[in-house]
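Source file data.txt; content: compact mmCIF, C-alpha atoms and all ligand atoms.
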```
# COMPACT_ATOMS: atom_id res chain seq x y z
CA MET A 1 48.36 63.37 9.12
CA SER A 2 45.69 62.01 11.40
CA GLU A 3 42.77 64.12 12.63
CA ALA A 4 42.22 64.98 16.30
CA TYR A 5 39.14 62.71 16.25
CA PRO A 6 38.29 59.76 14.01
CA VAL A 7 36.97 60.63 10.55
CA ILE A 8 35.12 58.40 8.08
CA ALA A 9 35.16 59.91 4.57
CA ILE A 10 32.48 58.78 2.11
CA ASP A 11 32.86 60.08 -1.45
CA GLY A 12 30.97 59.30 -4.61
CA PRO A 13 28.82 60.70 -7.42
CA SER A 14 25.26 62.09 -7.14
CA GLY A 15 22.70 59.44 -6.30
CA SER A 16 25.21 56.84 -5.09
CA GLY A 17 23.40 56.91 -1.73
CA LYS A 18 26.31 58.43 0.19
CA GLY A 19 24.13 60.98 2.02
CA THR A 20 21.78 58.35 3.45
CA VAL A 21 24.67 56.04 4.30
CA ALA A 22 26.75 58.79 5.93
CA ARG A 23 23.83 60.09 7.99
CA ARG A 24 22.89 56.66 9.29
CA VAL A 25 26.46 55.52 9.95
CA ALA A 26 27.05 58.77 11.89
CA HIS A 27 23.86 58.18 13.88
CA SER A 28 24.85 54.58 14.65
CA LEU A 29 28.29 55.57 15.91
CA GLY A 30 27.08 58.74 17.68
CA PHE A 31 29.39 60.78 15.39
CA HIS A 32 28.82 64.19 13.82
CA TRP A 33 27.86 64.33 10.14
CA LEU A 34 29.12 66.71 7.49
CA ASP A 35 26.95 66.85 4.35
CA SER A 36 29.48 68.83 2.30
CA GLY A 37 27.25 68.86 -0.80
CA ALA A 38 24.74 70.94 1.21
CA LEU A 39 27.41 73.64 1.62
CA TYR A 40 27.90 73.91 -2.16
CA ARG A 41 24.13 73.90 -2.60
CA LEU A 42 23.87 76.72 -0.04
CA VAL A 43 26.47 78.77 -1.93
CA GLY A 44 24.50 78.24 -5.16
CA LEU A 45 21.22 79.23 -3.52
CA ALA A 46 22.64 82.21 -1.60
CA GLY A 47 24.32 83.45 -4.79
CA ALA A 48 21.07 83.21 -6.76
CA GLN A 49 19.21 85.03 -3.98
CA ALA A 50 21.82 87.80 -4.15
CA GLY A 51 21.21 88.07 -7.89
CA LEU A 52 24.58 86.61 -8.97
CA ALA A 53 24.89 84.96 -12.37
CA PRO A 54 25.50 81.17 -12.13
CA GLY A 55 29.20 80.59 -11.37
CA ALA A 56 30.05 84.33 -11.00
CA PRO A 57 33.33 84.97 -9.10
CA GLN A 58 31.51 86.77 -6.25
CA HIS A 59 30.35 83.34 -5.05
CA ALA A 60 33.66 82.99 -3.15
CA GLN A 61 32.64 85.92 -0.94
CA VAL A 62 29.21 84.32 -0.45
CA ALA A 63 30.88 81.02 0.54
CA ALA A 64 33.05 82.79 3.11
CA THR A 65 30.32 84.88 4.73
CA MET A 66 26.92 83.14 4.35
CA ALA A 67 25.19 82.51 7.69
CA ILE A 68 24.34 78.81 7.80
CA ARG A 69 23.23 76.29 10.38
CA PHE A 70 22.45 72.58 10.37
CA GLY A 71 19.91 70.93 12.66
CA VAL A 72 17.92 67.75 13.14
CA GLY A 73 14.12 67.80 12.76
CA ALA A 74 11.52 66.00 14.89
CA LYS A 75 11.61 62.95 12.57
CA GLY A 76 15.41 62.82 12.60
CA GLN A 77 15.62 64.54 9.21
CA GLU A 78 18.39 66.97 8.25
CA GLN A 79 17.49 70.63 8.57
CA VAL A 80 19.47 73.31 6.77
CA PHE A 81 19.13 77.04 7.49
CA LEU A 82 20.38 80.00 5.48
CA ALA A 83 20.28 83.31 7.37
CA ASP A 84 17.88 81.63 9.87
CA ARG A 85 15.40 80.63 7.17
CA GLU A 86 14.89 76.89 6.64
CA VAL A 87 15.93 75.88 3.11
CA SER A 88 16.14 72.08 3.58
CA GLU A 89 13.77 71.36 0.68
CA GLN A 90 14.82 74.25 -1.51
CA ILE A 91 18.48 73.19 -1.69
CA ARG A 92 17.47 69.70 -2.93
CA THR A 93 15.96 70.86 -6.21
CA GLU A 94 17.78 70.01 -9.44
CA GLU A 95 18.04 73.73 -10.17
CA VAL A 96 20.05 74.36 -7.00
CA GLY A 97 22.03 71.14 -7.62
CA ASN A 98 23.14 72.52 -10.96
CA LEU A 99 24.09 75.89 -9.46
CA ALA A 100 26.06 73.98 -6.78
CA SER A 101 27.96 71.98 -9.37
CA GLN A 102 28.93 75.21 -11.15
CA VAL A 103 30.18 77.04 -8.04
CA ALA A 104 31.99 73.86 -6.96
CA SER A 105 34.39 74.16 -9.90
CA ASP A 106 35.59 77.58 -8.64
CA PRO A 107 38.83 77.10 -6.62
CA GLN A 108 38.12 80.25 -4.57
CA VAL A 109 34.76 78.87 -3.48
CA ARG A 110 36.39 75.56 -2.51
CA ALA A 111 39.09 77.40 -0.56
CA ALA A 112 36.48 79.51 1.25
CA LEU A 113 34.64 76.35 2.35
CA THR A 114 37.72 74.44 3.51
CA GLU A 115 37.93 75.75 7.07
CA ARG A 116 34.16 75.68 7.47
CA GLN A 117 34.20 71.97 6.63
CA ARG A 118 37.21 71.13 8.79
CA ALA A 119 35.47 72.71 11.79
CA PHE A 120 33.06 69.74 11.77
CA VAL A 121 35.81 67.45 13.14
CA GLN A 122 34.69 67.28 16.75
CA SER A 123 34.51 64.72 19.55
CA PRO A 124 33.73 61.83 19.35
CA GLY A 125 34.22 61.72 15.55
CA LEU A 126 32.91 62.66 12.12
CA VAL A 127 31.36 61.02 9.10
CA ALA A 128 31.84 63.34 6.11
CA ASP A 129 30.29 62.80 2.69
CA GLY A 130 31.02 64.52 -0.60
CA ARG A 131 33.43 64.35 -3.53
CA ASP A 132 36.81 65.24 -2.01
CA MET A 133 36.49 64.22 1.65
CA GLY A 134 39.12 61.46 1.42
CA THR A 135 41.37 63.16 -1.14
CA VAL A 136 41.51 66.83 -0.07
CA LEU A 137 39.66 67.64 3.14
CA PHE A 138 40.54 64.67 5.35
CA PRO A 139 43.49 62.81 3.78
CA GLY A 140 44.27 61.33 7.22
CA ALA A 141 40.76 59.83 7.64
CA GLN A 142 40.81 56.43 9.36
CA LEU A 143 38.35 54.99 6.86
CA LYS A 144 37.69 56.13 3.29
CA ILE A 145 34.81 54.74 1.26
CA PHE A 146 34.20 55.41 -2.44
CA LEU A 147 30.55 54.67 -3.08
CA THR A 148 29.44 54.17 -6.68
CA ALA A 149 26.37 52.85 -8.53
CA SER A 150 25.50 52.61 -12.22
CA ALA A 151 24.26 55.84 -13.84
CA GLU A 152 20.83 54.24 -14.42
CA ALA A 153 20.45 53.18 -10.78
CA ARG A 154 21.48 56.65 -9.60
CA ALA A 155 19.06 58.46 -11.91
CA LEU A 156 16.22 56.19 -10.80
CA ARG A 157 16.98 56.75 -7.10
CA ARG A 158 17.05 60.50 -7.56
CA TYR A 159 13.79 60.32 -9.51
CA ASN A 160 12.07 58.38 -6.71
CA GLN A 161 13.47 60.71 -4.02
CA LEU A 162 12.24 63.83 -5.79
CA LYS A 163 8.87 62.28 -6.62
CA ASP A 164 8.39 61.26 -2.97
CA LYS A 165 8.88 64.90 -2.09
CA GLY A 166 6.06 65.80 -4.46
CA LEU A 167 8.39 67.46 -6.98
CA ASP A 168 7.61 67.29 -10.68
CA VAL A 169 10.45 65.37 -12.37
CA ASN A 170 11.22 63.67 -15.66
CA LEU A 171 13.47 60.59 -15.67
CA VAL A 172 15.07 61.24 -19.06
CA GLY A 173 15.87 64.88 -18.22
CA LEU A 174 17.18 63.81 -14.82
CA SER A 175 19.48 61.18 -16.37
CA GLN A 176 20.91 63.81 -18.71
CA GLU A 177 21.45 66.29 -15.89
CA ILE A 178 23.15 63.63 -13.74
CA ALA A 179 25.46 62.70 -16.63
CA GLU A 180 26.38 66.36 -17.21
CA ARG A 181 26.98 66.96 -13.52
CA ASP A 182 29.10 63.77 -13.21
CA GLU A 183 31.19 64.91 -16.15
CA ARG A 184 31.72 68.39 -14.66
CA ASP A 185 32.51 67.03 -11.15
CA ALA A 186 34.95 64.42 -12.50
CA THR A 187 36.85 66.63 -14.94
CA ARG A 188 37.18 69.94 -13.08
CA ALA A 189 40.74 71.11 -12.42
CA VAL A 190 40.39 71.42 -8.63
CA ALA A 191 39.41 68.51 -6.36
CA PRO A 192 37.74 66.39 -9.06
CA LEU A 193 35.65 63.40 -8.07
CA VAL A 194 38.19 60.57 -7.83
CA ALA A 195 38.64 57.77 -5.33
CA ALA A 196 41.52 58.28 -2.87
CA ALA A 197 44.30 55.72 -3.42
CA ASP A 198 43.51 54.18 -0.04
CA ALA A 199 39.70 54.25 -0.39
CA ILE A 200 37.61 51.08 -0.27
CA SER A 201 35.16 51.02 -3.18
CA ILE A 202 31.60 49.80 -2.71
CA ASP A 203 29.29 49.46 -5.71
CA SER A 204 25.75 49.93 -4.42
CA THR A 205 23.93 49.23 -7.71
CA THR A 206 22.39 46.00 -6.42
CA LEU A 207 22.64 46.69 -2.68
CA THR A 208 20.04 48.20 -0.37
CA ALA A 209 21.01 51.18 1.80
CA GLU A 210 20.81 48.81 4.78
CA GLU A 211 23.40 46.47 3.21
CA VAL A 212 25.80 49.32 2.45
CA ILE A 213 25.43 50.71 6.00
CA THR A 214 26.18 47.27 7.49
CA ARG A 215 29.34 47.00 5.36
CA VAL A 216 30.55 50.45 6.35
CA LEU A 217 29.87 49.81 10.05
CA THR A 218 31.77 46.51 9.85
CA LEU A 219 34.73 48.29 8.23
CA ALA A 220 34.48 51.09 10.81
CA ARG A 221 34.82 48.61 13.65
CA THR A 222 38.23 47.42 12.39
CA HIS A 223 39.55 50.71 10.98
CA LEU A 224 38.64 52.90 13.95
CA THR A 225 40.11 50.53 16.54
CA ASP A 226 43.38 50.20 14.57
CA ARG A 227 44.35 53.79 15.35
O1 LIG B 1 26.28 65.69 -3.13
P1 LIG B 1 25.43 66.78 -3.71
O2 LIG B 1 24.66 66.35 -4.94
O3 LIG B 1 24.54 67.44 -2.70
O4 LIG B 1 26.47 67.92 -4.21
C1 LIG B 1 26.06 69.06 -4.90
C2 LIG B 1 27.19 69.55 -5.81
O5 LIG B 1 28.29 70.02 -5.00
C3 LIG B 1 27.77 68.49 -6.72
O6 LIG B 1 27.50 68.76 -8.07
C4 LIG B 1 29.26 68.54 -6.54
C5 LIG B 1 29.52 69.55 -5.48
N1 LIG B 1 30.31 69.03 -4.38
C6 LIG B 1 31.67 69.13 -4.45
O7 LIG B 1 32.20 69.62 -5.46
N2 LIG B 1 32.45 68.72 -3.41
C7 LIG B 1 31.90 68.18 -2.32
N3 LIG B 1 32.67 67.81 -1.32
C8 LIG B 1 30.49 68.03 -2.24
C9 LIG B 1 29.72 68.45 -3.30
```
Just dump the structure as structure tokens.
Amino acid sequence: MSEAYPVIAIDGPSGSGKGTVARRVAHSLGFHWLDSGALYRLVGLAGAQAGLAPGAPQHAQVAATMAIRFGVGAKGQEQVFLADREVSEQIRTEEVGNLASQVASDPQVRAALTERQRAFVQSPGLVADGRDMGTVLFPGAQLKIFLTASAEARALRRYNQLKDKGLDVNLVGLSQEIAERDERDATRAVAPLVAAADAISIDSTTLTAEEVITRVLTLARTHLTDR
């Protein structure tokens, strides 16, 4: 089933660069952008703020009712608000990433976020990034990309990103956390991280973000006009 407007789905593991690629491809095409990982991070953060234990079943209620908003800052950066308070930086910590990965394995949380994610399909089109965009959320997407990179390259990228933000990080600890999170995301019963059968795989280990963006835009030109 095709969507009302064109959708480009970009899935892949943490640190594969899908967020940067999705944001810039969306900007280039003038499309909307759905950062679905941010929604799971928001559920993890909102749950912790409400005093819930990591992964507690009440997170489904949080996912259904949390008041969230996305915006664009003065420098073009993503802004994320929870109950009108900006939490853009807070949701990027490894602590919140781990809470997100735990709530993401709860089918009720995933179900509660389904409609919220589908509401992002708006004119003139959407670029959606996550783990199950091409397999579960938007199976009719015109273009599906599965973006990978070696575990070492992904850990190093995350390390540099967090360090640039002035956060105190340790590369060995980060590599372990990424491996654990990959394992949990790939083996969970509901919507595990797998490439859709019709996804085009891009390995970004030795590519710059610029090179990946150029490839995706080239693919978009053919796939979106084929409709
Ligand atoms: O992409 P990210 O690191 O911001 O995602 C945070 C967590 O959310 C990640 O561990 C997996 C989960 N997630 C998911 O299960 N499905 C998505 N579509 C996006 C993220």
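Here CA of Ser14 in chain A is placed at a distance of 16.4 Å from CA of Lys163 in chain A.
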Item to check | Spatial neighbours of Gln77 in chain A, max dist 12 Å, only C-alpha atoms, sep filter under 4 positions, as a PyMOL selection string | outcome: chain A and resi 19-20+23-24+27+70-73+88-89
Item to check | Selection within 6 Å of ligand LIG 1 (chain B) by all atoms listed in the file, output as a PyMOL selection string | outcome: chain A and resi 14+36-38+40-41+97+100-101+104+130-132+181+185
Next on the checklist: Counting only C-alpha atoms, which residues have an atom no more than 9 Å from (22.7, 50.2, -12.7) in the file's coordinates? Please list them as a list in words.
Outcome noted: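 Here is the list of nearby residues: Ala149, Ser150, Ala151, Glu152, Ala153, Arg154, Ser204, Thr205 and Thr206 of chain A.
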Checklist entry - Which residues come within 10 Å of Leu193 in chain A, counting only C-alpha atoms, excluding same-chain residues fewer than 6 positions away, as an MDAnalysis selection string? => result chainID A and resid 11:13 130:133 135 146 182:187
Could you turn the residues from that selection into a file that holds C-alpha atoms, as a PDB file, keeping the file's coordinate frame?
```
ATOM      1  CA  ASP A  11      32.860  60.080  -1.450  1.00  0.00           C
ATOM      2  CA  GLY A  12      30.970  59.300  -4.610  1.00  0.00           C
ATOM      3  CA  PRO A  13      28.820  60.700  -7.420  1.00  0.00           C
ATOM      4  CA  GLY A 130      31.020  64.520  -0.600  1.00  0.00           C
ATOM      5  CA  ARG A 131      33.430  64.350  -3.530  1.00  0.00           C
ATOM      6  CA  ASP A 132      36.810  65.240  -2.010  1.00  0.00           C
ATOM      7  CA  MET A 133      36.490  64.220   1.650  1.00  0.00           C
ATOM      8  CA  THR A 135      41.370  63.160  -1.140  1.00  0.00           C
ATOM      9  CA  PHE A 146      34.200  55.410  -2.440  1.00  0.00           C
ATOM     10  CA  ASP A 182      29.100  63.770 -13.210  1.00  0.00           C
ATOM     11  CA  GLU A 183      31.190  64.910 -16.150  1.00  0.00           C
ATOM     12  CA  ARG A 184      31.720  68.390 -14.660  1.00  0.00           C
ATOM     13  CA  ASP A 185      32.510  67.030 -11.150  1.00  0.00           C
ATOM     14  CA  ALA A 186      34.950  64.420 -12.500  1.00  0.00           C
ATOM     15  CA  THR A 187      36.850  66.630 -14.940  1.00  0.00           C
TER      16      THR A 187
END
```
Item to check | Test item: residues at most 7 Å from Ala128 in chain A, all atoms listed in the file, excluding those fewer than 5 positions along its chain, as number ranges by chain | outcome: A: 8-10, 22, 33-35, 133
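The smallest atom-to-atom distance between Asp106 in chain A and any of A:His59, A:Lys144, A:Lys18, A:His223, using only C-alpha atoms, is found for A:His59.
Checking A:Ala74, A:Arg110, A:Ser123, A:Ile91 one by one against Val62 in chain A, counting all atoms listed in the file, you find the shortest gap at A:Arg110.
Proximity ranking of A:Gln176, A:Asn160, A:Thr208, A:Gln49 relative to Val96 in chain A places A:Gln49 first, based on only C-alpha atoms.
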Item to check | For Val87 in chain A: contacts at 12 Å, all atoms listed in the file, fewer than 4 positions along chain excluded, given as a PyMOL selection string | outcome: chain A and resi 38-39+41-42+45-46+68-71+78-83+91-93+96
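Each of A:Gln142, A:Thr222, A:Ser175, A:Asn98 was checked against Ala199 in chain A using all atoms listed in the file; the smallest atom-to-atom distance is that of A:Gln142.
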Checklist entry - Quick one: distance from CA of Ala112 in chain A to CA of Phe138 in chain A in Å, one decimal? => result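 Separation of CA of Ala112 in chain A and CA of Phe138 in chain A: 15.9 Å.
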Subset file: range 50-69 of chain A, N, CA and C atoms, as a compact mmCIF listing (two decimals), in the first residue's frame:
```
# COMPACT_ATOMS: atom_id res chain seq x y z
N ALA A 50 8.67 10.50 35.56
CA ALA A 50 7.46 10.13 36.32
C ALA A 50 7.78 9.09 37.39
N GLY A 51 9.06 8.73 37.51
CA GLY A 51 9.46 7.80 38.55
C GLY A 51 9.25 6.33 38.20
N LEU A 52 9.04 6.02 36.91
CA LEU A 52 8.83 4.62 36.52
C LEU A 52 10.16 3.87 36.51
N ALA A 53 10.12 2.59 36.82
CA ALA A 53 11.31 1.76 36.72
C ALA A 53 11.59 1.54 35.23
N PRO A 54 12.89 1.39 34.83
CA PRO A 54 13.18 1.19 33.40
C PRO A 54 12.37 0.03 32.83
N GLY A 55 11.67 0.29 31.71
CA GLY A 55 10.91 -0.77 31.04
C GLY A 55 9.58 -1.13 31.69
N ALA A 56 9.15 -0.41 32.75
CA ALA A 56 7.88 -0.74 33.42
C ALA A 56 6.71 -0.63 32.43
N PRO A 57 5.65 -1.45 32.61
CA PRO A 57 4.54 -1.47 31.65
C PRO A 57 3.79 -0.14 31.50
N GLN A 58 3.86 0.70 32.54
CA GLN A 58 3.16 2.00 32.46
C GLN A 58 3.73 2.92 31.37
N HIS A 59 4.87 2.53 30.79
CA HIS A 59 5.43 3.37 29.72
C HIS A 59 4.50 3.46 28.51
N ALA A 60 3.63 2.47 28.32
CA ALA A 60 2.71 2.52 27.17
C ALA A 60 1.77 3.71 27.31
N GLN A 61 1.32 3.95 28.55
CA GLN A 61 0.44 5.09 28.82
C GLN A 61 1.20 6.40 28.58
N VAL A 62 2.45 6.43 29.00
CA VAL A 62 3.30 7.61 28.79
C VAL A 62 3.43 7.86 27.28
N ALA A 63 3.68 6.79 26.51
CA ALA A 63 3.86 6.93 25.06
C ALA A 63 2.60 7.48 24.40
N ALA A 64 1.45 7.10 24.92
CA ALA A 64 0.18 7.53 24.31
C ALA A 64 -0.15 8.97 24.66
N THR A 65 0.28 9.44 25.83
CA THR A 65 -0.22 10.73 26.31
C THR A 65 0.82 11.85 26.42
N MET A 66 2.11 11.53 26.33
CA MET A 66 3.13 12.57 26.55
C MET A 66 2.94 13.73 25.55
N ALA A 67 3.15 14.95 26.06
CA ALA A 67 2.98 16.14 25.22
C ALA A 67 4.32 16.48 24.60
N ILE A 68 4.46 16.25 23.29
CA ILE A 68 5.76 16.46 22.65
C ILE A 68 5.62 17.39 21.45
N ARG A 69 6.74 17.97 21.09
CA ARG A 69 6.76 18.88 19.94
C ARG A 69 8.17 18.90 19.37
```
